[in-house]
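K.L.:
What follows is data08.pdb, made up of PDB, C-alpha atoms:
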```
ATOM      1  CA  LYS Y 797      45.119  13.749  49.755
ATOM      2  CA  ARG Y 798      41.712  14.898  50.944
ATOM      3  CA  ASN Y 799      40.348  15.946  54.312
ATOM      4  CA  SER Y 800      37.269  14.342  55.892
ATOM      5  CA  HIS Y 801      34.999  16.681  53.876
ATOM      6  CA  GLY Y 802      36.549  15.551  50.586
ATOM      7  CA  HIS Y 803      38.517  18.737  49.997
ATOM      8  CA  ARG Y 804      42.175  18.981  49.056
ATOM      9  CA  CYS Y 805      43.484  21.001  51.995
ATOM     10  CA  ALA Y 806      43.846  21.006  55.760
ATOM     11  CA  GLU Y 807      40.927  19.879  57.905
ATOM     12  CA  LYS Y 808      40.367  23.214  59.657
ATOM     13  CA  VAL Y 809      41.331  26.848  59.181
ATOM     14  CA  ASN Y 810      40.939  30.022  61.207
ATOM     15  CA  ASP Y 811      39.372  33.415  60.556
ATOM     16  CA  GLY Y 812      41.494  35.450  58.169
ATOM     17  CA  CYS Y 813      42.348  32.527  55.894
ATOM     18  CA  ILE Y 814      42.017  32.504  52.112
ATOM     19  CA  LEU Y 815      39.011  30.576  50.829
ATOM     20  CA  PHE Y 816      39.277  29.183  47.302
ATOM     21  CA  ILE Y 817      36.296  27.876  45.368
ATOM     22  CA  GLY Y 818      35.771  26.757  41.794
ATOM     23  CA  CYS Y 819      35.779  23.610  39.700
ATOM     24  CA  SER Y 820      38.441  20.980  39.002
ATOM     25  CA  ILE Y 821      40.924  23.647  37.916
ATOM     26  CA  THR Y 822      40.958  25.118  41.435
ATOM     27  CA  GLU Y 823      40.645  21.702  43.056
ATOM     28  CA  GLY Y 824      43.815  20.777  41.206
ATOM     29  CA  ILE Y 825      42.710  17.564  39.521
ATOM     30  CA  ALA Y 826      45.724  15.482  38.470
ATOM     31  CA  LEU Y 827      48.151  17.705  40.406
ATOM     32  CA  SER Y 828      49.881  17.177  43.696
ATOM     33  CA  ILE Y 829      48.531  19.542  46.352
ATOM     34  CA  GLU Y 830      51.828  21.454  46.297
ATOM     35  CA  ASP Y 831      51.304  22.178  42.574
ATOM     36  CA  THR Y 832      47.764  23.574  42.931
ATOM     37  CA  PHE Y 833      47.352  27.301  42.635
ATOM     38  CA  PRO Y 834      45.555  27.621  46.028
ATOM     39  CA  TYR Y 835      48.596  26.078  47.722
ATOM     40  CA  ILE Y 836      51.064  28.229  45.758
ATOM     41  CA  VAL Y 837      49.156  31.485  46.355
ATOM     42  CA  SER Y 838      48.629  30.854  50.068
ATOM     43  CA  LYS Y 839      52.278  29.945  50.542
ATOM     44  CA  ALA Y 840      53.395  33.110  48.716
ATOM     45  CA  LEU Y 841      51.087  35.216  50.931
ATOM     46  CA  ASN Y 842      52.009  33.226  54.054
ATOM     47  CA  LYS Y 843      48.342  32.583  54.871
ATOM     48  CA  GLU Y 844      46.455  29.410  55.622
ATOM     49  CA  TYR Y 845      43.825  28.409  53.088
ATOM     50  CA  TYR Y 846      40.839  26.212  52.524
ATOM     51  CA  ASN Y 847      40.164  24.783  49.063
ATOM     52  CA  LEU Y 848      36.382  24.357  48.764
ATOM     53  CA  ALA Y 849      36.585  23.548  45.027
ATOM     54  CA  LEU Y 850      35.365  20.250  43.595
ATOM     55  CA  ASN Y 851      35.441  18.810  40.106
ATOM     56  CA  GLY Y 852      32.384  19.174  37.930
ATOM     57  CA  PHE Y 853      31.236  22.343  39.693
ATOM     58  CA  GLY Y 854      29.240  24.909  37.790
ATOM     59  CA  PRO Y 855      28.416  28.435  38.945
ATOM     60  CA  ASP Y 856      25.344  27.110  40.782
ATOM     61  CA  MET Y 857      27.401  24.791  42.989
ATOM     62  CA  VAL Y 858      30.040  27.473  43.573
ATOM     63  CA  SER Y 859      27.331  29.751  44.934
ATOM     64  CA  LEU Y 860      25.596  26.988  46.908
ATOM     65  CA  ASN Y 861      28.791  25.640  48.488
ATOM     66  CA  LEU Y 862      29.937  29.128  49.395
ATOM     67  CA  SER Y 863      26.581  29.753  51.107
ATOM     68  CA  SER Y 864      26.924  26.450  52.949
ATOM     69  CA  TRP Y 865      30.406  27.437  54.113
ATOM     70  CA  PHE Y 866      29.150  30.593  55.802
ATOM     71  CA  LYS Y 867      26.102  28.847  57.261
ATOM     72  CA  ASN Y 868      27.918  25.800  58.659
ATOM     73  CA  ILE Y 869      31.645  26.455  59.069
ATOM     74  CA  LYS Y 870      31.545  29.836  60.821
ATOM     75  CA  VAL Y 871      35.063  30.777  59.697
ATOM     76  CA  THR Y 872      35.367  34.188  58.056
ATOM     77  CA  PRO Y 873      38.101  34.385  55.438
ATOM     78  CA  SER Y 874      39.891  37.639  54.689
ATOM     79  CA  LEU Y 875      39.860  36.803  50.972
ATOM     80  CA  VAL Y 876      37.669  34.599  48.776
ATOM     81  CA  VAL Y 877      39.121  33.543  45.437
ATOM     82  CA  ILE Y 878      36.328  32.474  43.101
ATOM     83  CA  GLN Y 879      37.222  30.637  39.913
ATOM     84  CA  TRP Y 880      33.930  30.802  38.032
ATOM     85  CA  PRO Y 881      33.317  27.745  35.834
ATOM     86  CA  GLU Y 882      31.793  28.039  32.370
ATOM     87  CA  VAL Y 883      28.197  29.276  32.477
ATOM     88  CA  HIS Y 884      26.849  26.128  30.797
ATOM     89  CA  ARG Y 885      27.938  23.853  33.634
ATOM     90  CA  LYS Y 886      25.324  23.048  36.222
ATOM     91  CA  PHE Y 887      24.089  20.293  38.498
ATOM     92  CA  GLU Y 888      20.815  18.448  38.427
ATOM     93  CA  ILE Y 889      19.332  16.311  41.147
ATOM     94  CA  ASP Y 890      18.369  12.761  40.163
ATOM     95  CA  GLN Y 891      15.728  10.473  41.684
ATOM     96  CA  THR Y 892      18.104   9.413  44.486
ATOM     97  CA  LEU Y 893      18.671  13.082  45.416
ATOM     98  CA  SER Y 894      22.265  12.851  44.215
ATOM     99  CA  ALA Y 895      23.765  15.860  42.444
ATOM    100  CA  ILE Y 896      24.931  15.018  38.939
ATOM    101  CA  PRO Y 897      27.222  17.438  37.070
ATOM    102  CA  ILE Y 898      25.988  18.224  33.590
ATOM    103  CA  GLY Y 899      27.397  20.467  30.931
ATOM    104  CA  PRO Y 900      28.584  20.519  27.360
ATOM    105  CA  TRP Y 901      30.645  17.383  27.995
ATOM    106  CA  SER Y 902      27.640  15.241  28.901
ATOM    107  CA  ASP Y 903      25.080  13.701  26.592
ATOM    108  CA  ARG Y 904      21.752  13.844  28.397
ATOM    109  CA  SER Y 905      19.755  12.698  25.338
ATOM    110  CA  ASP Y 906      19.636   9.124  26.663
ATOM    111  CA  ASN Y 907      17.222  10.311  29.367
ATOM    112  CA  THR Y 908      14.913  12.170  27.000
ATOM    113  CA  ASP Y 909      13.105   9.407  25.109
ATOM    114  CA  TYR Y 910       9.787  11.057  25.963
ATOM    115  CA  ILE Y 911      10.840  14.346  24.319
ATOM    116  CA  SER Y 912      10.658  14.748  20.543
ATOM    117  CA  LYS Y 913      13.878  15.645  18.716
ATOM    118  CA  ASP Y 914      12.402  19.051  17.829
ATOM    119  CA  MET Y 915      11.629  19.799  21.486
ATOM    120  CA  TRP Y 916      15.127  18.650  22.503
ATOM    121  CA  ASN Y 917      16.732  20.884  19.842
ATOM    122  CA  ASP Y 918      14.649  23.861  21.034
ATOM    123  CA  TYR Y 919      15.665  23.135  24.640
ATOM    124  CA  GLU Y 920      19.352  23.030  23.690
ATOM    125  CA  LYS Y 921      19.056  26.384  21.878
ATOM    126  CA  VAL Y 922      17.525  28.037  24.937
ATOM    127  CA  ILE Y 923      19.723  26.432  27.568
ATOM    128  CA  THR Y 924      22.946  27.192  25.678
ATOM    129  CA  THR Y 925      22.324  30.876  24.978
ATOM    130  CA  SER Y 926      21.293  33.850  27.039
ATOM    131  CA  TYR Y 927      19.415  31.836  29.671
ATOM    132  CA  MET Y 928      22.576  30.356  31.171
ATOM    133  CA  GLU Y 929      24.380  33.698  30.973
ATOM    134  CA  HIS Y 930      21.492  35.364  32.812
ATOM    135  CA  TYR Y 931      21.452  32.556  35.400
ATOM    136  CA  PHE Y 932      25.216  32.959  35.900
ATOM    137  CA  ASN Y 933      24.912  36.744  36.283
ATOM    138  CA  VAL Y 934      22.219  36.362  38.948
ATOM    139  CA  LEU Y 935      24.318  33.811  40.875
ATOM    140  CA  ARG Y 936      27.444  35.931  40.544
ATOM    141  CA  SER Y 937      25.842  39.205  41.664
ATOM    142  CA  THR Y 938      24.074  37.533  44.587
ATOM    143  CA  THR Y 939      27.314  35.878  45.706
ATOM    144  CA  LEU Y 940      29.361  39.070  45.367
ATOM    145  CA  ASN Y 941      26.720  41.152  47.183
ATOM    146  CA  TYR Y 942      26.737  38.699  50.074
ATOM    147  CA  LEU Y 943      30.533  38.741  50.366
ATOM    148  CA  GLU Y 944      30.559  42.541  50.163
ATOM    149  CA  SER Y 945      27.996  42.704  52.968
ATOM    150  CA  LYS Y 946      30.445  40.728  55.140
ATOM    151  CA  SER Y 947      33.349  43.028  54.090
ATOM    152  CA  ILE Y 948      35.264  40.129  52.571
ATOM    153  CA  GLU Y 949      37.679  40.882  49.758
ATOM    154  CA  VAL Y 950      37.023  38.903  46.568
ATOM    155  CA  PHE Y 951      39.258  37.985  43.672
ATOM    156  CA  GLU Y 952      37.456  36.522  40.668
ATOM    157  CA  ILE Y 953      38.842  34.338  37.914
ATOM    158  CA  MET Y 954      36.462  34.317  34.982
ATOM    159  CA  PRO Y 955      36.232  31.427  32.475
ATOM    160  CA  GLY Y 956      38.112  33.335  29.781
ATOM    161  CA  ASP Y 957      40.946  34.279  32.166
ATOM    162  CA  ILE Y 958      42.534  30.838  32.177
ATOM    163  CA  GLU Y 959      45.174  30.505  29.507
ATOM    164  CA  VAL Y 960      46.076  26.937  28.693
ATOM    165  CA  LYS Y 961      49.838  26.631  28.211
ATOM    166  CA  ASP Y 962      50.088  22.925  28.953
ATOM    167  CA  TYR Y 963      48.049  20.183  30.565
ATOM    168  CA  ALA Y 964      48.055  18.468  33.938
ATOM    169  CA  ARG Y 965      48.840  14.793  34.269
ATOM    170  CA  ASP Y 966      45.337  13.801  33.145
ATOM    171  CA  LEU Y 967      45.984  15.639  29.844
ATOM    172  CA  SER Y 968      42.594  17.378  29.946
ATOM    173  CA  HIS Y 969      42.977  20.115  32.594
ATOM    174  CA  PRO Y 970      45.139  23.222  32.334
ATOM    175  CA  GLY Y 971      48.526  22.615  33.915
TER
END
```
What is this structure when it is put down as structure tokens?

P.N.:
Amino acid sequence: KRNSHGHRCAEKVNDGCILFIGCSITEGIALSIEDTFPYIVSKALNKEYYNLALNGFGPDMVSLNLSSWFKNIKVTPSLVVIQWPEVHRKFEIDQTLSAIPIGPWSDRSDNTDYISKDMWNDYEKVITTSYMEHYFNVLRSTTLNYLESKSIEVFEIMPGDIEVKDYARDLSHPG
């Protein structure tokens, strides 16, 4: 079940709701809505919620979508729960202006025929080390500063916080 915006939650919410954002783990890929943690948490707290998470998100899309929420939706949540994806996940824009999720799961070498293997190896070394951690830290601090300026409480779930005890029905996402 998805609303008209493609999110797995109600169509509209009111000020004071809980806003969840993250990647497929928060979206609840392969789970019924009632088994997703946004649903369970909001029910336990007796608050309405909006689940802004989408699969394939990286920290860049978490920050961008959260900014879009405040610019376009005009609903102020009392709490934002951010499940930060791994720092190496990001989106790129292709020639059709479509956002394509890329990360350690994707092999982008098929689009790099014009780059020598040595250049590609150097690129992978840079993009998989401190650069992405720095990029994540900038996105995270900017996002948290913005939410603090609006006096919105934030609860963060960092990549290492998710303990995998079992798997969802797709057998690849934490259950």

K.L.:
If we count all atoms listed in the file and set the cut-off at 9 Å, which residues sit around range 804-810 of chain Y, ignoring sequence neighbours fewer than 3 positions away in its own chain? Please answer as a PDB file with C-alpha atoms, in the coordinates of the input.

P.N.:
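Contents of the output file around_18.pdb:
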```pdb
ATOM      1  CA  LYS Y 797      45.119  13.749  49.755  1.00  0.00           C
ATOM      2  CA  ARG Y 798      41.712  14.898  50.944  1.00  0.00           C
ATOM      3  CA  ASN Y 799      40.348  15.946  54.312  1.00  0.00           C
ATOM      4  CA  SER Y 800      37.269  14.342  55.892  1.00  0.00           C
ATOM      5  CA  HIS Y 801      34.999  16.681  53.876  1.00  0.00           C
ATOM      6  CA  CYS Y 813      42.348  32.527  55.894  1.00  0.00           C
ATOM      7  CA  GLU Y 823      40.645  21.702  43.056  1.00  0.00           C
ATOM      8  CA  GLY Y 824      43.815  20.777  41.206  1.00  0.00           C
ATOM      9  CA  ILE Y 829      48.531  19.542  46.352  1.00  0.00           C
ATOM     10  CA  TYR Y 835      48.596  26.078  47.722  1.00  0.00           C
ATOM     11  CA  GLU Y 844      46.455  29.410  55.622  1.00  0.00           C
ATOM     12  CA  TYR Y 845      43.825  28.409  53.088  1.00  0.00           C
ATOM     13  CA  TYR Y 846      40.839  26.212  52.524  1.00  0.00           C
ATOM     14  CA  ASN Y 847      40.164  24.783  49.063  1.00  0.00           C
ATOM     15  CA  LEU Y 848      36.382  24.357  48.764  1.00  0.00           C
ATOM     16  CA  ALA Y 849      36.585  23.548  45.027  1.00  0.00           C
ATOM     17  CA  LEU Y 850      35.365  20.250  43.595  1.00  0.00           C
ATOM     18  CA  VAL Y 871      35.063  30.777  59.697  1.00  0.00           C
ATOM     19  CA  THR Y 872      35.367  34.188  58.056  1.00  0.00           C
ATOM     20  CA  PRO Y 873      38.101  34.385  55.438  1.00  0.00           C
TER      21      PRO Y 873
END
```

K.L.:
For Leu943 in chain Y, which residue among Y:Ile958, Y:Leu827, Y:Leu860, Y:Val876 is the nearest when counting all atoms listed in the file?

P.N.:
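Smallest separation from Leu943 in chain Y among the options: Y:Val876.
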
K.L.:
Could you jot down the CA of Asn917 in chain Y to CA of Val883 in chain Y separation for me, Å, one decimal place?

P.N.:
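Between CA of Asn917 in chain Y and CA of Val883 in chain Y the gap is 19.0 Å.
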
K.L.:
For Phe833 in chain Y, work out the shell of residues within 8 Å, counting all atoms listed in the file and skipping chain neighbours fewer than 3 positions away, then give it as a VMD selection string.

P.N.:
chain Y and resid 822 824 836 to 837

K.L.:
In Å, with one decimal, what is the gap from CA of Ile817 in chain Y to CA of Asn851 in chain Y?

P.N.:
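Those two atoms sit 10.5 Å apart.
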
K.L.:
For CA of Glu949 in chain Y and CA of Val934 in chain Y, quote the distance in Å rounded to one decimal.

P.N.:
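We find that CA of Glu949 in chain Y and CA of Val934 in chain Y lie 19.4 Å from each other.
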
K.L.:
To test your reading of the syntax: which residues would the PyMOL selection byres ((chain Y and resi 818) around 10) return for the file shown? Reply as number ranges by chain.

P.N.:
Y: 816-817, 819-823, 847-855, 857-859, 861-862, 877-881, 952-953

K.L.:
Find, counting all atoms listed in the file, the residue in Y:Met954, Y:Val960, Y:Gly812, Y:Asn842 that gets nearest to Asn933 in chain Y.

P.N.:
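With all atoms listed in the file as the atom set, the closest residue is Y:Met954.
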
K.L.:
Restrict the output to range 848-863 of chain Y and all heavy atoms, then write it as a PDB file, in the first residue's frame.

P.N.:
```pdb
ATOM      1  N   LEU Y 848       8.441   8.990   5.148  1.00  0.00           N
ATOM      2  CA  LEU Y 848       9.037   9.612   3.974  1.00  0.00           C
ATOM      3  C   LEU Y 848      10.154   8.757   3.365  1.00  0.00           C
ATOM      4  O   LEU Y 848      10.740   9.126   2.359  1.00  0.00           O
ATOM      5  CB  LEU Y 848       9.578  10.983   4.384  1.00  0.00           C
ATOM      6  CG  LEU Y 848       9.939  12.018   3.347  1.00  0.00           C
ATOM      7  CD1 LEU Y 848       8.760  12.321   2.424  1.00  0.00           C
ATOM      8  CD2 LEU Y 848      10.409  13.299   4.023  1.00  0.00           C
ATOM      9  N   ALA Y 849      10.441   7.608   3.960  1.00  0.00           N
ATOM     10  CA  ALA Y 849      11.544   6.754   3.510  1.00  0.00           C
ATOM     11  C   ALA Y 849      11.238   6.074   2.180  1.00  0.00           C
ATOM     12  O   ALA Y 849      10.092   5.754   1.885  1.00  0.00           O
ATOM     13  CB  ALA Y 849      11.822   5.686   4.565  1.00  0.00           C
ATOM     14  N   LEU Y 850      12.299   5.891   1.392  1.00  0.00           N
ATOM     15  CA  LEU Y 850      12.196   5.156   0.129  1.00  0.00           C
ATOM     16  C   LEU Y 850      13.432   4.288  -0.060  1.00  0.00           C
ATOM     17  O   LEU Y 850      14.530   4.652   0.376  1.00  0.00           O
ATOM     18  CB  LEU Y 850      12.050   6.109  -1.058  1.00  0.00           C
ATOM     19  CG  LEU Y 850      10.726   6.860  -1.146  1.00  0.00           C
ATOM     20  CD1 LEU Y 850      10.788   7.915  -2.247  1.00  0.00           C
ATOM     21  CD2 LEU Y 850       9.573   5.907  -1.402  1.00  0.00           C
ATOM     22  N   ASN Y 851      13.251   3.172  -0.744  1.00  0.00           N
ATOM     23  CA  ASN Y 851      14.367   2.256  -0.936  1.00  0.00           C
ATOM     24  C   ASN Y 851      15.460   2.879  -1.790  1.00  0.00           C
ATOM     25  O   ASN Y 851      15.215   3.728  -2.624  1.00  0.00           O
ATOM     26  CB  ASN Y 851      13.898   0.934  -1.540  1.00  0.00           C
ATOM     27  CG  ASN Y 851      13.378   1.083  -2.962  1.00  0.00           C
ATOM     28  OD1 ASN Y 851      12.882   2.132  -3.339  1.00  0.00           O
ATOM     29  ND2 ASN Y 851      13.479   0.042  -3.741  1.00  0.00           N
ATOM     30  N   GLY Y 852      16.679   2.469  -1.527  1.00  0.00           N
ATOM     31  CA  GLY Y 852      17.816   2.973  -2.279  1.00  0.00           C
ATOM     32  C   GLY Y 852      18.349   4.306  -1.794  1.00  0.00           C
ATOM     33  O   GLY Y 852      19.345   4.791  -2.307  1.00  0.00           O
ATOM     34  N   PHE Y 853      17.685   4.922  -0.808  1.00  0.00           N
ATOM     35  CA  PHE Y 853      18.138   6.225  -0.331  1.00  0.00           C
ATOM     36  C   PHE Y 853      19.533   6.134   0.274  1.00  0.00           C
ATOM     37  O   PHE Y 853      19.883   5.179   0.943  1.00  0.00           O
ATOM     38  CB  PHE Y 853      17.199   6.750   0.762  1.00  0.00           C
ATOM     39  CG  PHE Y 853      16.127   7.668   0.260  1.00  0.00           C
ATOM     40  CD1 PHE Y 853      15.765   7.737  -1.064  1.00  0.00           C
ATOM     41  CD2 PHE Y 853      15.466   8.474   1.160  1.00  0.00           C
ATOM     42  CE1 PHE Y 853      14.770   8.592  -1.502  1.00  0.00           C
ATOM     43  CE2 PHE Y 853      14.465   9.330   0.737  1.00  0.00           C
ATOM     44  CZ  PHE Y 853      14.120   9.395  -0.587  1.00  0.00           C
ATOM     45  N   GLY Y 854      20.297   7.191   0.045  1.00  0.00           N
ATOM     46  CA  GLY Y 854      21.546   7.421   0.738  1.00  0.00           C
ATOM     47  C   GLY Y 854      21.375   8.661   1.586  1.00  0.00           C
ATOM     48  O   GLY Y 854      20.316   9.309   1.558  1.00  0.00           O
ATOM     49  N   PRO Y 855      22.388   9.042   2.342  1.00  0.00           N
ATOM     50  CA  PRO Y 855      22.284  10.239   3.178  1.00  0.00           C
ATOM     51  C   PRO Y 855      21.927  11.494   2.385  1.00  0.00           C
ATOM     52  O   PRO Y 855      21.217  12.368   2.889  1.00  0.00           O
ATOM     53  CB  PRO Y 855      23.673  10.364   3.803  1.00  0.00           C
ATOM     54  CG  PRO Y 855      24.212   8.974   3.797  1.00  0.00           C
ATOM     55  CD  PRO Y 855      23.660   8.336   2.555  1.00  0.00           C
ATOM     56  N   ASP Y 856      22.381  11.581   1.121  1.00  0.00           N
ATOM     57  CA  ASP Y 856      22.071  12.761   0.322  1.00  0.00           C
ATOM     58  C   ASP Y 856      20.576  12.892   0.060  1.00  0.00           C
ATOM     59  O   ASP Y 856      20.003  13.965   0.155  1.00  0.00           O
ATOM     60  CB  ASP Y 856      22.860  12.768  -0.996  1.00  0.00           C
ATOM     61  CG  ASP Y 856      22.716  11.501  -1.821  1.00  0.00           C
ATOM     62  OD1 ASP Y 856      22.139  10.503  -1.345  1.00  0.00           O
ATOM     63  OD2 ASP Y 856      23.201  11.507  -2.975  1.00  0.00           O
ATOM     64  N   MET Y 857      19.916  11.777  -0.246  1.00  0.00           N
ATOM     65  CA  MET Y 857      18.477  11.829  -0.516  1.00  0.00           C
ATOM     66  C   MET Y 857      17.667  11.985   0.766  1.00  0.00           C
ATOM     67  O   MET Y 857      16.593  12.581   0.743  1.00  0.00           O
ATOM     68  CB  MET Y 857      18.033  10.594  -1.293  1.00  0.00           C
ATOM     69  CG  MET Y 857      18.569  10.565  -2.722  1.00  0.00           C
ATOM     70  SD  MET Y 857      18.150  12.022  -3.707  1.00  0.00           S
ATOM     71  CE  MET Y 857      16.400  11.792  -3.923  1.00  0.00           C
ATOM     72  N   VAL Y 858      18.177  11.484   1.881  1.00  0.00           N
ATOM     73  CA  VAL Y 858      17.510  11.718   3.165  1.00  0.00           C
ATOM     74  C   VAL Y 858      17.469  13.223   3.419  1.00  0.00           C
ATOM     75  O   VAL Y 858      16.416  13.795   3.715  1.00  0.00           O
ATOM     76  CB  VAL Y 858      18.225  10.972   4.314  1.00  0.00           C
ATOM     77  CG1 VAL Y 858      17.771  11.485   5.673  1.00  0.00           C
ATOM     78  CG2 VAL Y 858      17.978   9.473   4.210  1.00  0.00           C
ATOM     79  N   SER Y 859      18.608  13.869   3.279  1.00  0.00           N
ATOM     80  CA  SER Y 859      18.682  15.308   3.516  1.00  0.00           C
ATOM     81  C   SER Y 859      17.836  16.093   2.516  1.00  0.00           C
ATOM     82  O   SER Y 859      17.089  17.000   2.894  1.00  0.00           O
ATOM     83  CB  SER Y 859      20.152  15.746   3.442  1.00  0.00           C
ATOM     84  OG  SER Y 859      20.284  17.094   3.761  1.00  0.00           O
ATOM     85  N   LEU Y 860      17.924  15.737   1.245  1.00  0.00           N
ATOM     86  CA  LEU Y 860      17.160  16.432   0.205  1.00  0.00           C
ATOM     87  C   LEU Y 860      15.654  16.266   0.400  1.00  0.00           C
ATOM     88  O   LEU Y 860      14.897  17.235   0.329  1.00  0.00           O
ATOM     89  CB  LEU Y 860      17.566  15.919  -1.175  1.00  0.00           C
ATOM     90  CG  LEU Y 860      16.816  16.526  -2.358  1.00  0.00           C
ATOM     91  CD1 LEU Y 860      17.110  18.019  -2.476  1.00  0.00           C
ATOM     92  CD2 LEU Y 860      17.187  15.808  -3.646  1.00  0.00           C
ATOM     93  N   ASN Y 861      15.201  15.043   0.650  1.00  0.00           N
ATOM     94  CA  ASN Y 861      13.766  14.813   0.823  1.00  0.00           C
ATOM     95  C   ASN Y 861      13.232  15.497   2.077  1.00  0.00           C
ATOM     96  O   ASN Y 861      12.108  15.981   2.091  1.00  0.00           O
ATOM     97  CB  ASN Y 861      13.454  13.316   0.846  1.00  0.00           C
ATOM     98  CG  ASN Y 861      12.601  12.907  -0.323  1.00  0.00           C
ATOM     99  OD1 ASN Y 861      12.534  13.595  -1.328  1.00  0.00           O
ATOM    100  ND2 ASN Y 861      11.944  11.780  -0.181  1.00  0.00           N
ATOM    101  N   LEU Y 862      14.036  15.521   3.116  1.00  0.00           N
ATOM    102  CA  LEU Y 862      13.623  16.210   4.335  1.00  0.00           C
ATOM    103  C   LEU Y 862      13.486  17.712   4.069  1.00  0.00           C
ATOM    104  O   LEU Y 862      12.519  18.341   4.504  1.00  0.00           O
ATOM    105  CB  LEU Y 862      14.636  15.941   5.444  1.00  0.00           C
ATOM    106  CG  LEU Y 862      14.195  16.113   6.868  1.00  0.00           C
ATOM    107  CD1 LEU Y 862      12.901  15.360   7.164  1.00  0.00           C
ATOM    108  CD2 LEU Y 862      15.286  15.641   7.808  1.00  0.00           C
ATOM    109  N   SER Y 863      14.423  18.284   3.319  1.00  0.00           N
ATOM    110  CA  SER Y 863      14.317  19.698   2.942  1.00  0.00           C
ATOM    111  C   SER Y 863      13.070  19.950   2.111  1.00  0.00           C
ATOM    112  O   SER Y 863      12.362  20.938   2.318  1.00  0.00           O
ATOM    113  CB  SER Y 863      15.542  20.127   2.127  1.00  0.00           C
ATOM    114  OG  SER Y 863      16.701  20.030   2.890  1.00  0.00           O
TER     115      SER Y 863
END
```
